[in-house]
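Colleague: Data file input_38.cif (mmCIF, C-alpha atoms) is appended below.
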```
data_target
#
loop_
_atom_site.label_atom_id
_atom_site.label_comp_id
_atom_site.auth_asym_id
_atom_site.auth_seq_id
_atom_site.Cartn_x
_atom_site.Cartn_y
_atom_site.Cartn_z
CA MET A 1 -3.82 1.83 14.32
CA THR A 2 -7.14 3.64 14.36
CA ARG A 3 -6.27 7.19 13.30
CA THR A 4 -7.37 8.51 9.93
CA PRO A 5 -5.16 10.41 7.48
CA ASP A 6 -6.00 14.08 7.04
CA HIS A 7 -7.46 14.07 3.53
CA PRO A 8 -10.84 14.76 1.94
CA ASP A 9 -13.53 12.17 2.62
CA ALA A 10 -10.94 10.14 4.48
CA ASP A 11 -13.08 7.41 6.01
CA PRO A 12 -15.03 5.63 3.26
CA SER A 13 -17.92 3.33 4.06
CA PRO A 14 -16.95 -0.34 4.50
CA ALA A 15 -19.26 -1.07 1.56
CA THR A 16 -17.21 0.92 -0.97
CA PRO A 17 -14.59 -0.76 -3.18
CA THR A 18 -11.99 1.75 -1.97
CA SER A 19 -12.12 0.27 1.52
CA LEU A 20 -11.41 -3.24 0.21
CA SER A 21 -7.97 -4.76 -0.03
CA ALA A 22 -6.56 -5.74 -3.39
CA GLU A 23 -7.20 -9.38 -2.59
CA GLU A 24 -10.81 -8.64 -1.64
CA ILE A 25 -11.39 -6.65 -4.83
CA ALA A 26 -9.95 -9.43 -6.97
CA SER A 27 -12.08 -12.06 -5.24
CA ALA A 28 -15.23 -9.97 -5.74
CA VAL A 29 -14.45 -9.34 -9.41
CA ARG A 30 -13.68 -13.01 -10.05
CA SER A 31 -16.98 -14.00 -8.42
CA ARG A 32 -18.73 -11.21 -10.39
CA THR A 33 -19.97 -9.61 -7.18
CA LEU A 34 -18.22 -6.46 -8.42
CA ARG A 35 -17.32 -5.38 -11.92
CA ALA A 36 -13.83 -4.14 -12.61
CA VAL A 37 -15.22 -1.10 -14.43
CA ASP A 38 -17.17 -0.05 -11.33
CA VAL A 39 -14.17 -0.53 -9.03
CA VAL A 40 -11.94 1.51 -11.33
CA ALA A 41 -14.55 4.23 -11.84
CA GLU A 42 -14.89 4.60 -8.07
CA ALA A 43 -11.10 4.88 -7.71
CA LEU A 44 -10.99 7.54 -10.41
CA ASP A 45 -13.72 9.48 -8.59
CA ARG A 46 -11.71 9.34 -5.38
CA ILE A 47 -8.61 10.61 -7.16
CA GLU A 48 -10.57 13.48 -8.70
CA GLN A 49 -11.85 14.51 -5.27
CA ALA A 50 -8.67 14.13 -3.24
CA ASP A 51 -5.75 14.72 -5.57
CA PRO A 52 -6.08 18.52 -5.84
CA VAL A 53 -5.04 18.55 -2.17
CA LEU A 54 -2.70 15.56 -2.05
CA SER A 55 -1.04 15.89 -5.47
CA ALA A 56 -0.22 12.18 -5.52
CA PHE A 57 -0.42 11.79 -9.31
CA ILE A 58 1.52 13.21 -12.23
CA GLU A 59 -0.98 11.86 -14.74
CA VAL A 60 -4.37 10.13 -14.50
CA TRP A 61 -5.35 7.80 -17.33
CA ALA A 62 -9.12 7.70 -16.83
CA GLU A 63 -10.25 6.75 -20.33
CA ASP A 64 -7.60 4.09 -20.80
CA ALA A 65 -8.17 2.69 -17.30
CA LEU A 66 -11.91 2.25 -17.88
CA ARG A 67 -11.22 0.57 -21.20
CA ARG A 68 -8.75 -1.82 -19.61
CA ALA A 69 -11.17 -2.53 -16.77
CA GLY A 70 -13.76 -3.56 -19.35
CA GLU A 71 -11.19 -5.93 -20.83
CA VAL A 72 -10.61 -7.45 -17.39
CA ASP A 73 -14.35 -8.03 -16.98
CA ALA A 74 -14.41 -9.71 -20.38
CA ARG A 75 -11.49 -11.95 -19.42
CA VAL A 76 -13.27 -12.95 -16.23
CA GLU A 77 -16.46 -13.68 -18.17
CA ALA A 78 -14.40 -15.87 -20.49
CA GLY A 79 -13.26 -17.96 -17.54
CA GLU A 80 -9.80 -16.58 -16.82
CA ARG A 81 -8.93 -16.74 -13.14
CA LEU A 82 -6.94 -13.55 -12.71
CA PRO A 83 -5.19 -13.32 -9.33
CA LEU A 84 -5.55 -9.51 -9.15
CA ALA A 85 -8.66 -9.04 -11.27
CA GLY A 86 -9.89 -5.45 -11.37
CA VAL A 87 -7.44 -4.05 -8.82
CA PRO A 88 -6.77 -0.34 -9.52
CA ILE A 89 -3.11 0.51 -9.07
CA GLY A 90 -0.83 3.51 -9.28
CA VAL A 91 2.52 3.11 -11.00
CA LYS A 92 5.56 5.10 -9.98
CA GLY A 93 6.35 7.85 -12.46
CA ARG A 94 5.63 8.10 -16.16
CA ARG A 95 7.81 5.06 -16.89
CA GLY A 96 6.12 2.91 -14.28
CA LEU A 97 4.15 0.86 -16.77
CA GLY A 98 7.41 -0.63 -18.00
CA THR A 99 7.81 -2.68 -14.83
CA ALA A 100 4.12 -3.36 -14.18
CA GLY A 101 3.57 -5.89 -16.97
CA PRO A 102 3.06 -8.95 -14.76
CA LEU A 103 0.59 -7.02 -12.59
CA LEU A 104 -1.43 -5.92 -15.62
CA GLU A 105 -1.45 -9.46 -16.97
CA ALA A 106 -2.73 -10.62 -13.55
CA GLY A 107 -5.72 -8.28 -13.90
CA CYS A 108 -4.58 -5.00 -12.34
CA VAL A 109 -5.67 -1.75 -13.97
CA ALA A 110 -3.22 1.16 -13.91
CA VAL A 111 -5.14 4.39 -13.20
CA GLY A 112 -2.22 6.79 -13.36
CA ALA A 113 1.43 7.68 -12.81
CA THR A 114 2.25 8.63 -9.22
CA SER A 115 4.44 11.58 -8.27
CA VAL A 116 8.20 11.52 -7.87
CA PRO A 117 10.69 14.28 -6.95
CA GLY A 118 10.53 17.16 -9.37
CA PRO A 119 13.39 18.64 -11.37
CA GLY A 120 15.86 20.84 -9.59
CA THR A 121 15.87 19.13 -6.19
CA VAL A 122 18.95 17.28 -4.99
CA TRP A 123 17.03 15.38 -2.30
CA GLN A 124 14.64 12.53 -2.99
CA THR A 125 12.38 12.48 0.09
CA TRP A 126 9.84 14.61 -1.73
CA GLY A 127 7.34 14.52 -4.59
CA LEU A 128 5.87 16.85 -7.21
CA GLY A 129 2.47 16.03 -8.69
CA ARG A 130 -0.01 17.71 -11.01
CA HIS A 131 -1.14 20.16 -8.34
CA GLY A 132 2.17 21.01 -6.68
CA PRO A 133 4.24 19.36 -3.94
CA THR A 134 2.91 15.99 -2.79
CA VAL A 135 1.73 16.29 0.80
CA ASN A 136 1.83 13.78 3.63
CA PRO A 137 -1.80 12.70 4.18
CA TRP A 138 -1.30 12.81 7.96
CA ARG A 139 0.14 16.36 8.00
CA HIS A 140 0.03 18.47 4.89
CA ASP A 141 2.98 20.58 6.03
CA ARG A 142 5.22 17.49 5.94
CA THR A 143 6.66 15.49 3.07
CA PRO A 144 5.46 11.93 2.44
CA GLY A 145 9.03 10.78 1.80
CA GLY A 146 10.28 9.53 -1.52
CA SER A 147 11.14 8.94 -4.13
CA SER A 148 8.00 6.74 -4.31
CA ALA A 149 6.13 9.69 -2.84
CA GLY A 150 2.88 9.63 -4.76
CA SER A 151 2.58 5.85 -4.52
CA ALA A 152 2.72 5.98 -0.73
CA VAL A 153 0.20 8.83 -0.54
CA ALA A 154 -2.21 7.21 -3.00
CA VAL A 155 -2.24 4.05 -0.90
CA ALA A 156 -2.36 5.78 2.49
CA ALA A 157 -5.25 7.99 1.37
CA GLY A 158 -7.24 5.05 0.05
CA LEU A 159 -7.13 6.15 -3.59
CA VAL A 160 -5.76 2.75 -4.66
CA PRO A 161 -5.00 -0.36 -2.59
CA LEU A 162 -1.63 -1.01 -4.26
CA ALA A 163 1.02 1.10 -5.98
CA THR A 164 4.40 0.25 -7.40
CA GLY A 165 7.70 1.78 -6.40
CA ASN A 166 11.39 1.19 -6.65
CA ASP A 167 13.99 1.40 -3.94
CA GLY A 168 17.62 2.40 -4.41
CA ALA A 169 18.31 3.73 -0.91
CA GLY A 170 14.96 3.49 0.89
CA SER A 171 12.65 4.96 -1.74
CA VAL A 172 9.86 2.48 -0.96
CA ARG A 173 10.46 1.94 2.75
CA ILE A 174 10.83 5.59 3.83
CA PRO A 175 7.57 6.85 2.27
CA ALA A 176 5.86 3.71 3.57
CA ALA A 177 7.05 4.55 7.08
CA TRP A 178 6.14 8.24 6.92
CA CYS A 179 2.70 7.58 5.37
CA GLY A 180 1.78 4.64 7.61
CA VAL A 181 1.59 1.89 4.98
CA VAL A 182 3.43 -1.32 4.11
CA GLY A 183 6.48 -1.03 1.84
CA LEU A 184 8.36 -4.05 0.48
CA LYS A 185 11.82 -3.83 -1.12
CA VAL A 186 12.64 -7.13 -2.77
CA GLY A 187 16.13 -8.56 -2.68
CA ASN A 188 18.68 -7.37 -5.23
CA GLY A 189 18.69 -9.56 -8.33
CA ARG A 190 15.31 -11.13 -7.59
CA LEU A 191 13.43 -9.05 -10.19
CA PRO A 192 14.73 -7.24 -13.29
CA SER A 193 16.20 -3.78 -12.83
CA SER A 194 17.76 -1.39 -15.31
CA ASP A 195 19.91 0.33 -12.69
CA ARG A 196 23.57 0.09 -13.70
CA THR A 197 24.70 0.01 -10.07
CA GLY A 198 22.37 -2.79 -9.02
CA LEU A 199 21.23 -0.73 -6.04
CA MET A 200 17.74 0.10 -7.34
CA VAL A 201 15.22 -2.73 -7.10
CA PRO A 202 11.43 -3.00 -7.52
CA GLY A 203 9.03 -2.71 -4.61
CA VAL A 204 5.41 -2.17 -3.70
CA LEU A 205 3.32 -0.08 -1.30
CA THR A 206 0.05 -1.41 0.12
CA ARG A 207 -2.28 -0.96 3.06
CA ARG A 208 -2.42 -4.69 3.80
CA VAL A 209 0.42 -7.19 4.08
CA GLY A 210 -1.65 -9.72 2.14
CA ASP A 211 -1.67 -7.37 -0.84
CA ALA A 212 2.11 -7.05 -0.74
CA ALA A 213 2.27 -10.85 -0.65
CA ALA A 214 -0.06 -11.01 -3.66
CA TYR A 215 2.27 -8.61 -5.50
CA TRP A 216 5.26 -10.80 -4.70
CA ARG A 217 3.50 -13.98 -5.84
CA VAL A 218 2.65 -12.40 -9.18
CA MET A 219 6.03 -10.73 -9.74
CA SER A 220 8.19 -13.62 -8.58
CA GLY A 221 6.16 -16.15 -10.52
CA SER A 222 6.75 -14.17 -13.71
CA ASN A 223 10.13 -12.53 -13.35
CA ALA A 224 12.08 -13.80 -10.34
CA ALA A 225 15.76 -14.12 -11.11
CA ALA A 226 16.91 -17.71 -11.38
CA ALA A 227 20.40 -16.77 -10.24
CA ASP A 228 21.77 -16.72 -6.71
CA PRO A 229 19.27 -14.80 -4.49
CA GLY A 230 22.19 -12.64 -3.37
CA ALA A 231 22.94 -11.54 -6.92
CA GLY A 232 23.96 -7.90 -7.13
CA SER A 233 24.45 -7.66 -3.40
CA GLY A 234 28.17 -7.94 -2.98
CA ALA A 235 27.53 -11.02 -0.83
CA GLY A 236 30.49 -13.29 -0.34
CA LEU A 237 33.10 -10.55 -0.36
CA GLY A 238 34.10 -11.37 3.17
CA ALA A 239 33.34 -13.83 5.95
CA GLY A 240 34.30 -14.74 9.45
CA LEU A 241 33.79 -11.52 11.37
CA GLY A 242 31.67 -11.84 14.46
CA ALA A 243 28.11 -10.53 14.43
CA VAL A 244 28.17 -7.36 16.30
CA SER A 245 24.49 -4.19 16.86
CA GLY A 246 23.74 -0.82 18.11
CA ALA A 247 23.23 -0.09 21.76
CA GLY A 248 20.14 -1.60 23.22
CA SER A 249 20.02 -4.54 20.80
CA VAL A 250 17.75 -7.44 21.62
CA SER A 251 17.06 -10.76 19.94
CA VAL A 252 13.44 -11.42 19.01
CA SER A 253 11.72 -14.76 18.53
CA VAL A 254 8.72 -14.31 16.26
CA SER A 255 5.70 -16.54 16.67
CA THR A 256 3.95 -17.47 13.43
CA SER A 257 1.51 -20.08 14.59
CA THR A 258 -0.46 -19.98 11.35
CA SER A 259 2.44 -21.38 9.33
CA THR A 260 5.03 -24.10 9.50
CA SER A 261 7.25 -22.72 6.77
CA THR A 262 9.12 -20.26 8.96
CA SER A 263 11.09 -22.89 10.82
CA THR A 264 12.45 -26.34 10.13
CA SER A 265 13.14 -27.19 13.76
CA GLY A 266 9.90 -26.17 15.43
CA ASP A 267 11.41 -22.98 16.87
CA ARG A 268 9.94 -19.63 15.91
CA PRO A 269 12.07 -17.39 13.72
CA THR A 270 14.42 -15.19 15.68
CA ALA A 271 15.25 -11.55 15.05
CA VAL A 272 17.77 -9.06 16.37
CA TRP A 273 16.71 -5.49 17.20
CA SER A 274 19.14 -2.68 16.46
CA SER A 275 18.18 0.93 16.98
CA ASP A 276 21.10 2.36 14.99
CA LEU A 277 22.94 -0.42 13.08
CA GLY A 278 25.98 0.58 15.08
CA PHE A 279 26.73 3.89 13.33
CA ASP A 280 23.68 6.20 13.24
CA SER A 281 22.05 8.45 15.84
CA PRO A 282 18.30 8.16 15.20
CA ASP A 283 15.73 10.40 16.83
CA PRO A 284 14.91 8.97 20.29
CA ASP A 285 11.17 9.46 19.71
CA VAL A 286 11.33 7.40 16.51
CA VAL A 287 13.31 4.66 18.24
CA ALA A 288 10.85 4.58 21.12
CA VAL A 289 7.83 4.08 18.84
CA ALA A 290 9.50 1.36 16.76
CA HIS A 291 10.77 -0.49 19.81
CA ALA A 292 7.39 -0.17 21.55
CA ALA A 293 5.84 -1.95 18.56
CA ALA A 294 8.11 -4.93 19.20
CA LEU A 295 7.21 -4.83 22.89
CA ARG A 296 3.50 -4.83 22.07
CA LEU A 297 4.00 -7.88 19.94
CA ALA A 298 5.87 -9.55 22.80
CA GLU A 299 3.07 -8.72 25.22
CA ALA A 300 0.60 -10.21 22.75
CA GLY A 301 2.58 -13.45 22.79
CA ALA A 302 3.93 -13.12 19.25
CA LEU A 303 7.53 -12.31 20.24
CA ARG A 304 10.09 -13.47 22.75
CA LEU A 305 12.69 -10.76 23.40
CA THR A 306 16.23 -11.73 24.41
CA ARG A 307 19.59 -9.98 24.29
CA PRO A 308 22.26 -11.06 21.77
CA HIS A 309 25.76 -11.81 22.93
CA THR A 310 27.26 -9.02 20.82
CA PRO A 311 25.69 -6.02 19.07
CA LEU A 312 25.66 -5.49 15.31
CA ARG A 313 27.99 -2.72 14.15
CA LEU A 314 27.90 -2.00 10.44
CA HIS A 315 30.09 0.53 8.68
CA ASP A 316 28.18 3.63 7.59
CA PRO A 317 27.22 2.78 3.98
CA ALA A 318 27.07 6.42 2.86
CA PRO A 319 30.57 6.67 1.30
CA ALA A 320 30.13 3.44 -0.66
CA TRP A 321 26.58 4.20 -1.81
CA LEU A 322 27.45 7.74 -2.90
CA ALA A 323 30.54 6.56 -4.75
CA LEU A 324 28.56 3.95 -6.69
CA ARG A 325 25.91 6.50 -7.68
CA THR A 326 28.42 9.09 -8.92
CA PRO A 327 28.14 9.22 -12.74
CA GLY A 328 31.14 7.66 -14.41
CA ALA A 329 32.52 6.29 -11.15
CA GLY A 330 33.04 2.60 -10.49
CA PRO A 331 33.68 0.54 -7.37
CA THR A 332 36.62 1.98 -5.45
CA PRO A 333 38.74 0.30 -2.77
CA GLU A 334 36.61 2.13 -0.20
CA VAL A 335 33.43 0.71 -1.73
CA HIS A 336 34.87 -2.81 -1.61
CA ARG A 337 36.08 -2.36 1.96
CA ILE A 338 32.72 -1.16 3.31
CA ARG A 339 30.74 -3.68 1.35
CA ALA A 340 32.96 -6.60 2.32
CA ALA A 341 32.87 -5.71 6.02
CA ASN A 342 29.11 -5.20 6.12
CA ASP A 343 28.38 -8.30 4.05
CA SER A 344 30.53 -10.35 6.40
CA ARG A 345 28.82 -9.04 9.52
CA LEU A 346 25.35 -9.49 8.07
CA ALA A 347 26.20 -13.01 6.94
CA ALA A 348 27.34 -13.82 10.46
CA LEU A 349 24.17 -12.27 11.88
CA PHE A 350 21.83 -14.22 9.60
CA ALA A 351 23.73 -17.43 10.27
CA GLY A 352 22.35 -17.24 13.80
CA THR A 353 19.03 -15.46 13.38
CA ARG A 354 16.29 -15.07 10.77
CA LEU A 355 15.47 -11.34 10.98
CA LEU A 356 16.91 -7.93 11.80
CA LEU A 357 14.55 -5.23 13.10
CA THR A 358 15.24 -1.47 13.08
CA PRO A 359 13.31 1.78 12.85
CA THR A 360 12.74 2.42 9.14
CA ALA A 361 13.78 6.06 9.09
CA PRO A 362 15.93 7.79 11.71
CA THR A 363 13.81 10.95 11.74
CA PRO A 364 10.16 11.98 11.47
CA PRO A 365 8.93 13.44 8.17
CA HIS A 366 10.55 16.79 7.41
CA GLY A 367 8.89 19.84 5.90
CA HIS A 368 8.66 20.60 2.21
CA GLU A 369 11.75 22.79 2.41
CA GLY A 370 13.96 19.70 2.67
CA PRO A 371 15.65 17.36 5.15
CA GLY A 372 18.49 19.61 6.21
CA GLU A 373 21.75 17.84 7.00
CA ARG A 374 20.23 14.51 8.06
CA TYR A 375 20.21 11.48 5.79
CA SER A 376 16.73 9.96 5.95
CA THR A 377 18.24 6.88 4.33
CA ALA A 378 20.64 6.10 7.18
CA LEU A 379 18.88 2.90 8.27
CA THR A 380 17.75 1.68 4.85
CA TRP A 381 20.49 2.03 2.24
CA ALA A 382 22.83 -0.49 3.86
CA PHE A 383 20.46 -3.15 2.54
CA ASN A 384 20.54 -1.77 -0.99
CA LEU A 385 24.30 -2.25 -0.87
CA SER A 386 24.04 -5.72 0.68
CA GLY A 387 21.04 -6.80 -1.40
CA HIS A 388 18.91 -8.10 1.46
CA PRO A 389 15.09 -7.92 1.18
CA ALA A 390 13.39 -5.58 3.65
CA ILE A 391 9.91 -4.40 4.53
CA SER A 392 8.58 -1.41 6.47
CA ILE A 393 5.37 -1.84 8.47
CA PRO A 394 3.51 0.77 10.53
CA ALA A 395 4.69 0.86 14.14
CA GLY A 396 2.64 3.73 15.58
CA PHE A 397 2.79 7.52 15.70
CA GLY A 398 5.41 9.99 16.86
CA PRO A 399 4.77 13.10 18.97
CA ASP A 400 4.27 15.11 15.75
CA GLY A 401 1.25 12.97 14.81
CA CYS A 402 3.05 11.34 11.87
CA PRO A 403 3.49 7.57 11.42
CA VAL A 404 6.68 5.72 12.33
CA GLY A 405 7.82 2.57 10.55
CA LEU A 406 9.38 -0.65 11.79
CA GLN A 407 11.84 -2.19 9.30
CA LEU A 408 12.26 -5.95 9.03
CA VAL A 409 15.26 -7.28 7.11
CA ALA A 410 15.77 -10.94 6.19
CA ALA A 411 18.47 -13.10 4.64
CA HIS A 412 18.81 -13.28 0.87
CA GLY A 413 15.85 -14.99 -0.75
CA GLU A 414 13.60 -14.67 2.32
CA GLU A 415 10.87 -12.33 1.03
CA ALA A 416 8.24 -14.89 1.98
CA LEU A 417 9.47 -14.90 5.58
CA LEU A 418 9.31 -11.10 5.74
CA LEU A 419 5.73 -11.12 4.48
CA GLU A 420 4.71 -13.92 6.82
CA VAL A 421 6.07 -12.21 9.93
CA ALA A 422 4.68 -8.85 8.81
CA GLY A 423 1.29 -10.52 8.52
CA VAL A 424 1.52 -11.69 12.12
CA ALA A 425 2.50 -8.17 13.18
CA GLU A 426 -0.48 -6.74 11.30
CA GLY A 427 -2.75 -8.94 13.39
CA HIS A 428 -1.39 -7.39 16.59
CA LEU A 429 -0.54 -3.82 15.54
CA GLY A 430 -3.19 -3.27 12.84
CA PRO A 431 -5.49 -2.84 11.15
CA TRP A 432 -3.46 -0.28 9.23
#
```
Hey, can you dump this file as structure tokens for me?

Modeller:
Amino acid sequence: MTRTPDHPDADPSPATPTSLSAEEIASAVRSRTLRAVDVVAEALDRIEQADPVLSAFIEVWAEDALRRAGEVDARVEAGERLPLAGVPIGVKGRRGLGTAGPLLEAGCVAVGATSVPGPGTVWQTWGLGRHGPTVNPWRHDRTPGGSSAGSAVAVAAGLVPLATGNDGAGSVRIPAAWCGVVGLKVGNGRLPSSDRTGLMVPGVLTRRVGDAAAYWRVMSGSNAAAADPGAGSGAGLGAGLGAVSGAGSVSVSVSTSTSTSTSTSGDRPTAVWSSDLGFDSPDPDVVAVAHAAALRLAEAGALRLTRPHTPLRLHDPAPAWLALRTPGAGPTPEVHRIRAANDSRLAALFAGTRLLLTPTAPTPPHGHEGPGERYSTALTWAFNLSGHPAISIPAGFGPDGCPVGLQLVAAHGEEALLLEVAGVAEGHLGPW
């Protein structure tokens, strides 16, 4: 992907800290090639220049960030080996620091709170920052998605290499797809969440898969749930139904020659492609871009495409998700029915394959007036109900010039597999 987002001073010199990945920044700070205070000061300068147009931040904490960066430099001087030393990050919303503790302990420096949907809107694929509506860095007349809107924009525009999010229906993956960055939703129950429904889980947005992997190493090492990886997912409510996917499904064998952890038998991990999960009607242009990304990987020798015996057909999760999110409502028979059927079909699917691939969002980014009657979450929120980990990676661009995402979903507890395969894809589809 060689296009550049439409934002001020969009193509920084390779010598600037902004152009470095989080891992590269941390390595340079640990080796004292760069100072954390200089990296953070440069990020703050970039935000000051670009944010009046992008409106990616609600608040910027310049003074506090520089002070904390100085503390990181002092810790490095004292011999601490911080895995994310000096990495400037955005945190989602004003309460984002509450879930960023392990990242800060690892050496990250929070530079500000990123934008989320403003008051008075009933739809979440939007953001409101200090300077007005948050704009998509590729097309300012389009939304970046949400609700992790500002985090996606801050990363896509190169203001920070990593920003936190949370995902209750696609709130990390959809803005990642529409802004052309990487967005990881961890599995339900793997990290702490205060959401009473169990649908909302932490996530991260980055420009590089390696940075998302670094986030996961830090967060899982500190806070990963010791319980069943499927905790909070509704897994186990049903079993025995045949795996069945939307029209045009194919099975994908993913080559990961740089690792042996993805297979115990010597075979490469397999994946099933579904354009619609058996119930949606995604935009044909979006499907074409996402599927073409898989074909490019196959042509590069990273994938082997085959057709499954039966397609996957999930129940539309909308009634169950909406019922669970209704204040004061609890699980209804309809919620149990949908969840049990989908959990059973996904369990059968993952018994025979390692990954499920779909477009991330069924539509391109909509305008700032709202999404209309379409649910942008159609292909993502099934996995908030089921609890499976998922990641969105850039697949290419639609006819409107906006990015399109490819979603990878794995079995419970398989975040490492998602990140490994996404890293292989980055080598063939990137750099992003």

Colleague: Which residue out of A:Val91, A:Val76, A:Leu84, A:Ala329 has the minimum interatomic distance to Glu105 in chain A when only C-alpha atoms are used?

Modeller: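 Going through A:Val91, A:Val76, A:Leu84, A:Ala329 one by one, the smallest distance to Glu105 in chain A is for A:Leu84.
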
Colleague: May I have the residues within 7 Å of range 99-103 of chain A as a ChimeraX atom specification, using all atoms listed in the file and disregarding those fewer than 4 positions away in the same chain?

Modeller: /A:107-108,218-219,222

Colleague: With only C-alpha atoms as the atoms that count, which of A:Leu277, A:Cys402, A:Ile391, A:Leu104 lies nearest to Ser171 in chain A?

Modeller: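 Distance minimum relative to Ser171 in chain A lands on A:Ile391.
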
Colleague: For the structure provided, state which residues fall under the PyMOL selection byres ((chain A and resi 154) around 9), and present them as an MDAnalysis selection string.

Modeller: chainID A and resid 47 51 54 56:57 90 114 149:153 155:163

Colleague: Evaluate the PyMOL selection byres ((chain A and resi 209) around 8) and record the selected residues as a ChimeraX atom specification, following the chain and residue labels used in the document.

Modeller: /A:182,206-208,210-213,419,422-423,426

Colleague: Identify the residues within 7 Å of coordinate (23.9, 0.0, 11.0) (same frame as the file), considering only C-alpha atoms, and give the answer as an MDAnalysis selection string.

Modeller: chainID A and resid 276:280 313:316 379

Colleague: To one decimal in Å, tell me the separation between CA of Tyr215 in chain A and CA of Ile25 in chain A.

Modeller: 13.8 Å

Colleague: Between CA of Gly112 in chain A and CA of Thr143 in chain A, what is the distance, to one decimal in Å?

Modeller: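 Here the two named atoms are 20.6 Å from each other.
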
Colleague: Taking 3 positions as the minimum chain separation for residues in the same chain, which residues sit within 10 Å of Leu199 in chain A when counting all atoms listed in the file? Answer as a list in words.

Modeller: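 Counting only the stated atoms, we get Asp167, Gly168, Ala169, Gly187, Asn188, Gly189, Ser193, Ser194, Asp195, Arg196, Gly232, Ser233, Trp321, Leu324, Arg325, Trp381, Phe383, Asn384, Leu385, Ser386 and Gly387 of chain A.
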
Colleague: Which of these residues is nearest to Ser274 in chain A, using only C-alpha atoms: A:Ala320, A:Ala395, A:His368, A:Val409?

Modeller: A:Val409

Colleague: Apply the PyMOL selection byres ((chain A and resi 347-356) around 6) to the displayed file and report the matching residues as a list in words.

Modeller: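 On the file shown, the PyMOL selection byres ((chain A and resi 347-356) around 6) covers Ala243, Pro269, Thr270, Ala271, Val272, Trp273, Asp343, Ser344, Arg345, Leu346, Leu357, Leu408, Val409 and Ala410 of chain A.
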
Colleague: Which one of A:Thr310, A:Ser115, A:Ser148, A:Thr360 sits closest to His131 in chain A if you count all atoms listed in the file?

Modeller: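 Result for the nearest residue to His131 in chain A: A:Ser115.
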
Colleague: From the options A:Glu415, A:Pro311, A:Ser31, A:Leu128, which residue's atoms come nearest to Trp216 in chain A, counting only C-alpha atoms?

Modeller: A:Glu415
